[in-house]
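What follows is a set of notes on a single structure, which appears directly below.
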Amino acid sequence: WTVDQTRSLSAFGDYALLLGCLLFLTLEGYAQYAYNVFGERYGLVTLLPALLFLPLAYRFDHRGVLGMALTALISWVGVTVRPLELYFKTNFFDRDTVFSAITLALVLLSTAFWLEHRRIKPHFTYTYLSVAGNLLMVALLGGLFNFEGLRLFFAGGLAVACVALDQYARREQSFLFLLMSVVYGYIGTTYLFFHYLRPESDDTYYWYFILTGIGVVYYLMRQLPGRSVTTKGR
């Protein structure tokens, strides 16, 4: 164990750990299906992998297992907030689900930056931000689309998140986070534009997508590798 990045002595070790985690999920799913081991406690089904995979990811320095742990943790929060049947039918139509997702995303992002500041597996920050950043953006868009009374609140939160991602992308020279900022921001802006203006002419839709599409492509092309922001191998 070390707080710095470590290299496995062989590729087999990394794949063996990943295979073991996948087999655990398979065994857990079979035990629930065949013997109903967990009963109606669906949250426990997703919490156990999160509690197991997270320390394994840090012990063996495995970003793939870390991603599985974070995904299980996100699933646990979603299942706990609302019943299973409603969770699968409507994901971000429930206010508790949206705010739980936002809270979890902010906790994960804060944890990632704190660990990076303490120099504890700082290379894990990329995985944390990839998972939690997407969760945060999707939750903000879900609130923007579904809750009229809080629409401006979610729009402001989305704008702040997009700017923060853009600044982080420039600092870390990461094209992925720049793309996340632009895509999610464009979706939110487009929704607000047509929701409040409600243009009646088809020409408005046509010219909006033509002009904004050109603008987005031009902006991204200016940040392609060899310019101010590059893709970053992880």
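Each chain in the structure tokens gets a letter, A, B and so on, in the order shown; residues start at 1 in every chain, and ligands are counted from 1 in the order they appear.
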
Backbone-only DSSP, helix (DSSP H, G or I) members of segment 80-231 of chain A, as a PyMOL selection string: chain A and resi 80-81+84-89+95-117+122-146+148-172+175-197+202-222

Per residue of segment 125-199 of chain A within 12 Å of segment 71-78 of chain A, what are the shortest atom pair and its distance in Å to one decimal, counting only C-alpha atoms, with rows by chain and residue number, as JSON lines?
{"residue": "A:Thr127", "atom": "CA", "partner": "A:Thr71", "partner_atom": "CA", "distance": 11.0}
{"residue": "A:Tyr128", "atom": "CA", "partner": "A:Thr71", "partner_atom": "CA", "distance": 10.3}
{"residue": "A:Ser130", "atom": "CA", "partner": "A:Thr71", "partner_atom": "CA", "distance": 11.1}
{"residue": "A:Val131", "atom": "CA", "partner": "A:Thr71", "partner_atom": "CA", "distance": 7.6}
{"residue": "A:Ala132", "atom": "CA", "partner": "A:Ile74", "partner_atom": "CA", "distance": 8.9}
{"residue": "A:Asn134", "atom": "CA", "partner": "A:Thr71", "partner_atom": "CA", "distance": 11.4}
{"residue": "A:Leu135", "atom": "CA", "partner": "A:Ile74", "partner_atom": "CA", "distance": 8.5}
{"residue": "A:Leu136", "atom": "CA", "partner": "A:Ile74", "partner_atom": "CA", "distance": 11.1}
{"residue": "A:Ala139", "atom": "CA", "partner": "A:Gly78", "partner_atom": "CA", "distance": 11.5}

Close residues, Val3 of chain A itself excluded, 12 Å, only C-alpha atoms, min 3 positions apart in chain, as a list in words: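 Counting only C-alpha atoms, the residues come to Thr6, Tyr58, Arg59, Phe60, Asp61, Leu115, Glu116, His117, Arg118, Arg119, Ile120, Lys121, Pro122, His123 and Phe124 of chain A.
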
Once you have the residues from the selection above, write them out as a PDB file, in the first residue's frame, restricted to C-alpha atoms.
ATOM      1  CA  THR A   6       1.558   1.992  -7.986  1.00  0.00           C
ATOM      2  CA  TYR A  58      -7.392   1.792  -2.917  1.00  0.00           C
ATOM      3  CA  ARG A  59      -5.526  -1.284  -1.683  1.00  0.00           C
ATOM      4  CA  PHE A  60      -4.663  -2.515  -5.178  1.00  0.00           C
ATOM      5  CA  ASP A  61      -4.693   0.873  -6.950  1.00  0.00           C
ATOM      6  CA  LEU A 115      -7.825  13.469  -1.282  1.00  0.00           C
ATOM      7  CA  GLU A 116      -5.983  15.118  -4.154  1.00  0.00           C
ATOM      8  CA  HIS A 117      -4.962  17.973  -1.872  1.00  0.00           C
ATOM      9  CA  ARG A 118      -3.674  15.463   0.682  1.00  0.00           C
ATOM     10  CA  ARG A 119      -1.862  13.618  -2.131  1.00  0.00           C
ATOM     11  CA  ILE A 120      -3.717  10.356  -1.411  1.00  0.00           C
ATOM     12  CA  LYS A 121      -4.040   8.553  -4.743  1.00  0.00           C
ATOM     13  CA  PRO A 122      -4.357  11.860  -6.643  1.00  0.00           C
ATOM     14  CA  HIS A 123      -4.660   9.980  -9.950  1.00  0.00           C
ATOM     15  CA  PHE A 124      -8.072   8.717  -8.737  1.00  0.00           C
TER      16      PHE A 124
END

Of the listed residues A:Ser110, A:Thr125, A:Thr46, A:Ser100, that which approaches Met68 of chain A most closely, counting only C-alpha atoms: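 Under the stated criterion, the closest residue is A:Thr46.
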
Residues within 10 Å of Phe177 of chain A, only C-alpha atoms, excluding chain neighbours under 6 positions, as a PyMOL selection string: chain A and resi 126+129-130+133-134+162+164-170+183+231

Could you take the residues named above and write them with C-alpha atoms, as a compact mmCIF listing (two decimals), in the first residue's frame?
# COMPACT_ATOMS: atom_id res chain seq x y z
CA TYR A 126 -10.07 11.71 -12.78
CA LEU A 129 -14.84 13.53 -11.52
CA SER A 130 -15.89 11.42 -14.50
CA GLY A 133 -19.51 15.03 -12.73
CA ASN A 134 -21.86 13.18 -15.04
CA CYS A 162 -20.40 24.06 -16.51
CA ALA A 164 -16.31 24.93 -13.04
CA LEU A 165 -15.84 21.98 -15.41
CA ASP A 166 -14.54 24.29 -18.12
CA GLN A 167 -12.01 25.86 -15.76
CA TYR A 168 -10.91 22.46 -14.47
CA ALA A 169 -10.54 21.17 -18.03
CA ARG A 170 -8.27 24.09 -18.90
CA VAL A 183 -22.63 19.27 -24.09
CA THR A 231 -6.88 15.09 -24.34

Which residues are close to Leu22 of chain A, i.e. within 12 Å by only C-alpha atoms, leaving aside same-chain residues fewer than 6 positions away? Reply as a PDB file with all heavy atoms, in the first residue's frame.
ATOM      1  N   TYR A  15      -6.450  -7.837 -13.952  1.00  0.00           N
ATOM      2  CA  TYR A  15      -7.604  -8.522 -14.531  1.00  0.00           C
ATOM      3  C   TYR A  15      -8.204  -9.524 -13.550  1.00  0.00           C
ATOM      4  O   TYR A  15      -9.421  -9.737 -13.535  1.00  0.00           O
ATOM      5  CB  TYR A  15      -7.211  -9.225 -15.831  1.00  0.00           C
ATOM      6  CG  TYR A  15      -6.970  -8.278 -16.975  1.00  0.00           C
ATOM      7  CD1 TYR A  15      -5.706  -8.141 -17.535  1.00  0.00           C
ATOM      8  CD2 TYR A  15      -8.013  -7.497 -17.491  1.00  0.00           C
ATOM      9  CE1 TYR A  15      -5.482  -7.261 -18.588  1.00  0.00           C
ATOM     10  CE2 TYR A  15      -7.796  -6.616 -18.535  1.00  0.00           C
ATOM     11  CZ  TYR A  15      -6.533  -6.495 -19.080  1.00  0.00           C
ATOM     12  OH  TYR A  15      -6.324  -5.619 -20.106  1.00  0.00           O
ATOM     13  N   ALA A  16      -7.372 -10.160 -12.729  1.00  0.00           N
ATOM     14  CA  ALA A  16      -7.875 -11.109 -11.737  1.00  0.00           C
ATOM     15  C   ALA A  16      -8.744 -10.395 -10.705  1.00  0.00           C
ATOM     16  O   ALA A  16      -9.797 -10.899 -10.299  1.00  0.00           O
ATOM     17  CB  ALA A  16      -6.709 -11.821 -11.053  1.00  0.00           C
ATOM     18  N   GLU A  28     -23.803 -12.538  -5.897  1.00  0.00           N
ATOM     19  CA  GLU A  28     -24.789 -11.782  -5.120  1.00  0.00           C
ATOM     20  C   GLU A  28     -26.137 -11.775  -5.836  1.00  0.00           C
ATOM     21  O   GLU A  28     -27.191 -11.975  -5.218  1.00  0.00           O
ATOM     22  CB  GLU A  28     -24.296 -10.356  -4.897  1.00  0.00           C
ATOM     23  CG  GLU A  28     -25.207  -9.525  -4.017  1.00  0.00           C
ATOM     24  CD  GLU A  28     -24.763  -8.083  -3.945  1.00  0.00           C
ATOM     25  OE1 GLU A  28     -24.320  -7.552  -4.980  1.00  0.00           O
ATOM     26  OE2 GLU A  28     -24.870  -7.484  -2.861  1.00  0.00           O
ATOM     27  N   GLY A  29     -26.108 -11.515  -7.141  1.00  0.00           N
ATOM     28  CA  GLY A  29     -27.357 -11.511  -7.904  1.00  0.00           C
ATOM     29  C   GLY A  29     -28.036 -12.861  -7.910  1.00  0.00           C
ATOM     30  O   GLY A  29     -29.265 -12.959  -7.777  1.00  0.00           O
ATOM     31  N   PRO A  49     -21.546  -4.183  -2.496  1.00  0.00           N
ATOM     32  CA  PRO A  49     -20.439  -4.031  -3.452  1.00  0.00           C
ATOM     33  C   PRO A  49     -19.676  -2.725  -3.278  1.00  0.00           C
ATOM     34  O   PRO A  49     -18.444  -2.695  -3.429  1.00  0.00           O
ATOM     35  CB  PRO A  49     -21.146  -4.081  -4.815  1.00  0.00           C
ATOM     36  CG  PRO A  49     -22.413  -4.798  -4.565  1.00  0.00           C
ATOM     37  CD  PRO A  49     -22.818  -4.420  -3.179  1.00  0.00           C
ATOM     38  N   LEU A  52     -17.320  -3.086  -0.389  1.00  0.00           N
ATOM     39  CA  LEU A  52     -16.237  -4.027  -0.676  1.00  0.00           C
ATOM     40  C   LEU A  52     -15.267  -3.492  -1.719  1.00  0.00           C
ATOM     41  O   LEU A  52     -14.040  -3.587  -1.558  1.00  0.00           O
ATOM     42  CB  LEU A  52     -16.832  -5.356  -1.159  1.00  0.00           C
ATOM     43  CG  LEU A  52     -15.828  -6.418  -1.616  1.00  0.00           C
ATOM     44  CD1 LEU A  52     -14.922  -6.844  -0.452  1.00  0.00           C
ATOM     45  CD2 LEU A  52     -16.547  -7.618  -2.213  1.00  0.00           C
ATOM     46  N   PHE A  53     -15.806  -2.908  -2.790  1.00  0.00           N
ATOM     47  CA  PHE A  53     -14.957  -2.503  -3.912  1.00  0.00           C
ATOM     48  C   PHE A  53     -14.117  -1.264  -3.600  1.00  0.00           C
ATOM     49  O   PHE A  53     -13.010  -1.129  -4.125  1.00  0.00           O
ATOM     50  CB  PHE A  53     -15.814  -2.234  -5.144  1.00  0.00           C
ATOM     51  CG  PHE A  53     -16.512  -3.452  -5.678  1.00  0.00           C
ATOM     52  CD1 PHE A  53     -17.544  -3.334  -6.594  1.00  0.00           C
ATOM     53  CD2 PHE A  53     -16.156  -4.715  -5.252  1.00  0.00           C
ATOM     54  CE1 PHE A  53     -18.191  -4.454  -7.087  1.00  0.00           C
ATOM     55  CE2 PHE A  53     -16.794  -5.848  -5.726  1.00  0.00           C
ATOM     56  CZ  PHE A  53     -17.817  -5.722  -6.649  1.00  0.00           C
ATOM     57  N   GLY A  64     -10.526   0.838 -12.345  1.00  0.00           N
ATOM     58  CA  GLY A  64     -11.721   0.156 -12.824  1.00  0.00           C
ATOM     59  C   GLY A  64     -12.614  -0.281 -11.678  1.00  0.00           C
ATOM     60  O   GLY A  64     -13.839  -0.105 -11.714  1.00  0.00           O
ATOM     61  N   VAL A  65     -12.020  -0.827 -10.623  1.00  0.00           N
ATOM     62  CA  VAL A  65     -12.781  -1.239  -9.447  1.00  0.00           C
ATOM     63  C   VAL A  65     -13.337  -0.010  -8.726  1.00  0.00           C
ATOM     64  O   VAL A  65     -14.450  -0.043  -8.181  1.00  0.00           O
ATOM     65  CB  VAL A  65     -11.900  -2.077  -8.500  1.00  0.00           C
ATOM     66  CG1 VAL A  65     -12.640  -2.427  -7.213  1.00  0.00           C
ATOM     67  CG2 VAL A  65     -11.456  -3.358  -9.204  1.00  0.00           C
ATOM     68  N   MET A  68     -16.478   0.926 -10.429  1.00  0.00           N
ATOM     69  CA  MET A  68     -17.556   0.022 -10.043  1.00  0.00           C
ATOM     70  C   MET A  68     -18.085   0.373  -8.650  1.00  0.00           C
ATOM     71  O   MET A  68     -19.293   0.320  -8.402  1.00  0.00           O
ATOM     72  CB  MET A  68     -17.059  -1.423 -10.074  1.00  0.00           C
ATOM     73  CG  MET A  68     -16.700  -1.926 -11.466  1.00  0.00           C
ATOM     74  SD  MET A  68     -15.899  -3.546 -11.445  1.00  0.00           S
ATOM     75  CE  MET A  68     -17.205  -4.559 -10.772  1.00  0.00           C
ATOM     76  N   ALA A  69     -17.193   0.728  -7.737  1.00  0.00           N
ATOM     77  CA  ALA A  69     -17.606   1.094  -6.381  1.00  0.00           C
ATOM     78  C   ALA A  69     -18.463   2.354  -6.384  1.00  0.00           C
ATOM     79  O   ALA A  69     -19.497   2.427  -5.704  1.00  0.00           O
ATOM     80  CB  ALA A  69     -16.372   1.297  -5.497  1.00  0.00           C
TER      81      ALA A  69
END
